[in-house]
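Okay, structure first, notes after.
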Amino acid sequence: MAARDLVEYVARSLVDEPDAVRVEEVHGPGGTVIELRVAETDMGKVIGRNGSVAKALRTLLKVTAVRDGDPVTLEIL
């Protein structure tokens, strides 16, 4: 599963408004940046208490990055 698809799947599973989830990939010289946008009311669910959900998502992305050989960064906007 591609990193973008993984982030989108997990985000849609967590939020109350899955149609508002937007995921974009930006490729740059330092690797890939995945930008995640959710409804304002769902922001807390994606970030989690003390950032625990966001941290878990970033850990999953590191695993896919090692497999694919391309560094991946997650930005929640």
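So you can find residues: chains in the structure tokens are A, B, ... in the order shown, residues in each start at 1, and ligands are numbered from 1 in order.
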(request) Name all residues at most 10 Å from Arg4 in chain A (count only C-alpha atoms; drop same-chain ones fewer than 6 positions away) and give them as a PyMOL selection string. (result) chain A and resi 23-25+32-36+61+72+74
Write the residues of the preceding selection, restricted to N, CA and C atoms, as an mmCIF file, in the first residue's frame.
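Below you can see out14.cif, which holds the result:
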```cif
data_model
loop_
_atom_site.group_PDB
_atom_site.id
_atom_site.type_symbol
_atom_site.label_atom_id
_atom_site.label_comp_id
_atom_site.auth_asym_id
_atom_site.auth_seq_id
_atom_site.Cartn_x
_atom_site.Cartn_y
_atom_site.Cartn_z
ATOM 1 N N VAL A 23 -5.900 14.354 0.874
ATOM 2 C CA VAL A 23 -4.504 13.956 1.006
ATOM 3 C C VAL A 23 -3.797 14.292 -0.295
ATOM 4 N N GLU A 24 -2.688 15.013 -0.183
ATOM 5 C CA GLU A 24 -1.892 15.383 -1.360
ATOM 6 C C GLU A 24 -0.451 14.973 -1.136
ATOM 7 N N GLU A 25 0.192 14.551 -2.205
ATOM 8 C CA GLU A 25 1.607 14.197 -2.181
ATOM 9 C C GLU A 25 2.398 15.291 -2.875
ATOM 10 N N THR A 32 9.322 12.880 -0.004
ATOM 11 C CA THR A 32 7.905 13.131 -0.242
ATOM 12 C C THR A 32 7.259 13.704 1.010
ATOM 13 N N VAL A 33 6.432 14.722 0.809
ATOM 14 C CA VAL A 33 5.650 15.306 1.897
ATOM 15 C C VAL A 33 4.190 14.967 1.621
ATOM 16 N N ILE A 34 3.545 14.353 2.595
ATOM 17 C CA ILE A 34 2.126 14.052 2.474
ATOM 18 C C ILE A 34 1.374 15.063 3.314
ATOM 19 N N GLU A 35 0.494 15.819 2.653
ATOM 20 C CA GLU A 35 -0.297 16.844 3.327
ATOM 21 C C GLU A 35 -1.693 16.295 3.575
ATOM 22 N N LEU A 36 -2.094 16.270 4.834
ATOM 23 C CA LEU A 36 -3.400 15.753 5.235
ATOM 24 C C LEU A 36 -4.266 16.912 5.698
ATOM 25 N N LEU A 61 4.431 5.635 8.433
ATOM 26 C CA LEU A 61 5.017 6.194 7.213
ATOM 27 C C LEU A 61 6.512 5.912 7.130
ATOM 28 N N VAL A 72 9.582 9.993 3.750
ATOM 29 C CA VAL A 72 8.219 10.527 3.733
ATOM 30 C C VAL A 72 7.984 11.317 5.018
ATOM 31 N N LEU A 74 4.874 13.618 7.105
ATOM 32 C CA LEU A 74 3.446 13.898 7.197
ATOM 33 C C LEU A 74 3.232 15.278 7.779
#
```
(message) When you look at Asp70 in chain A with a cut-off of 12 Å (counting only C-alpha atoms), what residues show up, excluding the ones that are within fewer than 4 positions of it in the same chain? I need them as a PyMOL selection string.
(response) chain A and resi 2-3+27-33+61-66
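Comparing A:Leu6, A:Val46, A:Ile76, A:Val38 by their smallest distance to Val21 in chain A, the closest is A:Val38 (using only C-alpha atoms).
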(message) Could you tell me how far CA of Arg67 in chain A sits from CA of Ala11 in chain A, in Å to one decimal place?
(response) 21.4 Å
(message) Residues of chain A classed as alpha helix (DSSP H) by DSSP on the backbone are to be reported as a VMD selection string.
(response) chain A and resid 3 to 14 43 to 47 52 to 68
(request) Could you tell me which of A:Thr73, A:Asp42, A:Arg49, A:Leu60 comes closest to Asp16 in chain A if we count only C-alpha atoms? (result) A:Asp42
Lys45 in chain A: which residues within 12 Å, counting only C-alpha atoms, same-chain residues fewer than 6 positions away excluded, as a PDB file with N, CA and C atoms, in the first residue's frame?
```
ATOM      1  N   VAL A  10      -6.449   5.545   6.934  1.00  0.00           N
ATOM      2  CA  VAL A  10      -6.469   5.710   8.391  1.00  0.00           C
ATOM      3  C   VAL A  10      -7.256   6.965   8.770  1.00  0.00           C
ATOM      4  N   ALA A  11      -7.035   8.064   8.061  1.00  0.00           N
ATOM      5  CA  ALA A  11      -7.728   9.317   8.380  1.00  0.00           C
ATOM      6  C   ALA A  11      -9.235   9.169   8.197  1.00  0.00           C
ATOM      7  N   ARG A  12      -9.655   8.562   7.097  1.00  0.00           N
ATOM      8  CA  ARG A  12     -11.096   8.373   6.860  1.00  0.00           C
ATOM      9  C   ARG A  12     -11.728   7.475   7.915  1.00  0.00           C
ATOM     10  N   SER A  13     -10.958   6.549   8.448  1.00  0.00           N
ATOM     11  CA  SER A  13     -11.471   5.649   9.484  1.00  0.00           C
ATOM     12  C   SER A  13     -11.642   6.357  10.824  1.00  0.00           C
ATOM     13  N   LEU A  14     -10.875   7.399  11.055  1.00  0.00           N
ATOM     14  CA  LEU A  14     -10.885   8.085  12.347  1.00  0.00           C
ATOM     15  C   LEU A  14     -11.919   9.196  12.467  1.00  0.00           C
ATOM     16  N   VAL A  15     -12.214   9.873  11.387  1.00  0.00           N
ATOM     17  CA  VAL A  15     -12.988  11.117  11.452  1.00  0.00           C
ATOM     18  C   VAL A  15     -14.492  10.891  11.322  1.00  0.00           C
ATOM     19  N   ASP A  16     -15.256  11.926  11.695  1.00  0.00           N
ATOM     20  CA  ASP A  16     -16.710  11.902  11.560  1.00  0.00           C
ATOM     21  C   ASP A  16     -17.148  12.321  10.164  1.00  0.00           C
ATOM     22  N   GLU A  17     -16.313  13.104   9.478  1.00  0.00           N
ATOM     23  CA  GLU A  17     -16.635  13.578   8.135  1.00  0.00           C
ATOM     24  C   GLU A  17     -15.595  13.051   7.139  1.00  0.00           C
ATOM     25  N   PRO A  18     -15.695  11.780   6.730  1.00  0.00           N
ATOM     26  CA  PRO A  18     -14.674  11.214   5.839  1.00  0.00           C
ATOM     27  C   PRO A  18     -14.613  11.867   4.459  1.00  0.00           C
ATOM     28  N   VAL A  38      -8.233  17.744   7.041  1.00  0.00           N
ATOM     29  CA  VAL A  38      -9.502  17.204   7.532  1.00  0.00           C
ATOM     30  C   VAL A  38     -10.374  18.374   7.964  1.00  0.00           C
ATOM     31  N   ALA A  39     -11.645  18.086   8.243  1.00  0.00           N
ATOM     32  CA  ALA A  39     -12.549  19.123   8.743  1.00  0.00           C
ATOM     33  C   ALA A  39     -12.019  19.641  10.080  1.00  0.00           C
ATOM     34  N   GLY A  51      -0.765  14.269  20.671  1.00  0.00           N
ATOM     35  CA  GLY A  51      -0.188  13.924  19.371  1.00  0.00           C
ATOM     36  C   GLY A  51       0.027  12.443  19.154  1.00  0.00           C
ATOM     37  N   SER A  52      -0.632  11.600  19.930  1.00  0.00           N
ATOM     38  CA  SER A  52      -0.372  10.160  19.846  1.00  0.00           C
ATOM     39  C   SER A  52      -0.787   9.549  18.512  1.00  0.00           C
ATOM     40  N   VAL A  53      -1.913   9.972  17.954  1.00  0.00           N
ATOM     41  CA  VAL A  53      -2.368   9.417  16.672  1.00  0.00           C
ATOM     42  C   VAL A  53      -1.455   9.897  15.548  1.00  0.00           C
ATOM     43  N   ALA A  54      -1.113  11.176  15.562  1.00  0.00           N
ATOM     44  CA  ALA A  54      -0.213  11.708  14.548  1.00  0.00           C
ATOM     45  C   ALA A  54       1.149  11.023  14.616  1.00  0.00           C
ATOM     46  N   ILE A  76      -0.008  17.707   8.893  1.00  0.00           N
ATOM     47  CA  ILE A  76      -1.452  17.795   9.116  1.00  0.00           C
ATOM     48  C   ILE A  76      -1.813  19.267   9.089  1.00  0.00           C
TER      49      ILE A  76
END
```
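Distances here use only C-alpha atoms; by that measure, the residue among A:Asp5, A:Leu57, A:Met43, A:Glu75 closest to Ala20 in chain A is A:Met43.
Distance-wise, CA of Glu40 in chain A and CA of Leu77 in chain A end up 9.6 Å apart.
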(request) Using DSSP on the backbone coordinates, identify all residues within chain A classified as strand (DSSP E or B); present the result as a ChimeraX atom specification. (result) /A:22-28,31-37,72-76
Can I get the selected residues back with N, CA and C atoms, as a PDB file, in the first residue's frame?
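Output (out-v1.pdb):
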```pdb
ATOM      1  N   ARG A  22      -8.708  15.209   2.719  1.00  0.00           N
ATOM      2  CA  ARG A  22      -7.953  15.472   1.487  1.00  0.00           C
ATOM      3  C   ARG A  22      -6.487  15.134   1.748  1.00  0.00           C
ATOM      4  N   VAL A  23      -5.900  14.354   0.874  1.00  0.00           N
ATOM      5  CA  VAL A  23      -4.504  13.956   1.006  1.00  0.00           C
ATOM      6  C   VAL A  23      -3.797  14.292  -0.295  1.00  0.00           C
ATOM      7  N   GLU A  24      -2.688  15.013  -0.183  1.00  0.00           N
ATOM      8  CA  GLU A  24      -1.892  15.383  -1.360  1.00  0.00           C
ATOM      9  C   GLU A  24      -0.451  14.973  -1.136  1.00  0.00           C
ATOM     10  N   GLU A  25       0.192  14.551  -2.205  1.00  0.00           N
ATOM     11  CA  GLU A  25       1.607  14.197  -2.181  1.00  0.00           C
ATOM     12  C   GLU A  25       2.398  15.291  -2.875  1.00  0.00           C
ATOM     13  N   VAL A  26       3.441  15.759  -2.220  1.00  0.00           N
ATOM     14  CA  VAL A  26       4.324  16.754  -2.805  1.00  0.00           C
ATOM     15  C   VAL A  26       5.724  16.145  -2.817  1.00  0.00           C
ATOM     16  N   HIS A  27       6.261  15.971  -4.018  1.00  0.00           N
ATOM     17  CA  HIS A  27       7.596  15.389  -4.151  1.00  0.00           C
ATOM     18  C   HIS A  27       8.627  16.506  -4.223  1.00  0.00           C
ATOM     19  N   GLY A  28       9.683  16.363  -3.448  1.00  0.00           N
ATOM     20  CA  GLY A  28      10.739  17.359  -3.426  1.00  0.00           C
ATOM     21  C   GLY A  28      12.089  16.696  -3.361  1.00  0.00           C
ATOM     22  N   GLY A  31      12.604  14.330  -0.336  1.00  0.00           N
ATOM     23  CA  GLY A  31      11.678  13.216  -0.183  1.00  0.00           C
ATOM     24  C   GLY A  31      10.257  13.655  -0.464  1.00  0.00           C
ATOM     25  N   THR A  32       9.322  12.880  -0.004  1.00  0.00           N
ATOM     26  CA  THR A  32       7.905  13.131  -0.242  1.00  0.00           C
ATOM     27  C   THR A  32       7.259  13.704   1.010  1.00  0.00           C
ATOM     28  N   VAL A  33       6.432  14.722   0.809  1.00  0.00           N
ATOM     29  CA  VAL A  33       5.650  15.306   1.897  1.00  0.00           C
ATOM     30  C   VAL A  33       4.190  14.967   1.621  1.00  0.00           C
ATOM     31  N   ILE A  34       3.545  14.353   2.595  1.00  0.00           N
ATOM     32  CA  ILE A  34       2.126  14.052   2.474  1.00  0.00           C
ATOM     33  C   ILE A  34       1.374  15.063   3.314  1.00  0.00           C
ATOM     34  N   GLU A  35       0.494  15.819   2.653  1.00  0.00           N
ATOM     35  CA  GLU A  35      -0.297  16.844   3.327  1.00  0.00           C
ATOM     36  C   GLU A  35      -1.693  16.295   3.575  1.00  0.00           C
ATOM     37  N   LEU A  36      -2.094  16.270   4.834  1.00  0.00           N
ATOM     38  CA  LEU A  36      -3.400  15.753   5.235  1.00  0.00           C
ATOM     39  C   LEU A  36      -4.266  16.912   5.698  1.00  0.00           C
ATOM     40  N   ARG A  37      -5.437  17.021   5.081  1.00  0.00           N
ATOM     41  CA  ARG A  37      -6.398  18.038   5.483  1.00  0.00           C
ATOM     42  C   ARG A  37      -7.687  17.343   5.891  1.00  0.00           C
ATOM     43  N   VAL A  72       9.582   9.993   3.750  1.00  0.00           N
ATOM     44  CA  VAL A  72       8.219  10.527   3.733  1.00  0.00           C
ATOM     45  C   VAL A  72       7.984  11.317   5.018  1.00  0.00           C
ATOM     46  N   THR A  73       7.366  12.484   4.867  1.00  0.00           N
ATOM     47  CA  THR A  73       7.007  13.348   5.987  1.00  0.00           C
ATOM     48  C   THR A  73       5.513  13.605   5.952  1.00  0.00           C
ATOM     49  N   LEU A  74       4.874  13.618   7.105  1.00  0.00           N
ATOM     50  CA  LEU A  74       3.446  13.898   7.197  1.00  0.00           C
ATOM     51  C   LEU A  74       3.232  15.278   7.779  1.00  0.00           C
ATOM     52  N   GLU A  75       2.408  16.078   7.092  1.00  0.00           N
ATOM     53  CA  GLU A  75       2.003  17.379   7.598  1.00  0.00           C
ATOM     54  C   GLU A  75       0.488  17.389   7.713  1.00  0.00           C
ATOM     55  N   ILE A  76      -0.008  17.707   8.893  1.00  0.00           N
ATOM     56  CA  ILE A  76      -1.452  17.795   9.116  1.00  0.00           C
ATOM     57  C   ILE A  76      -1.813  19.267   9.089  1.00  0.00           C
TER      58      ILE A  76
END
```
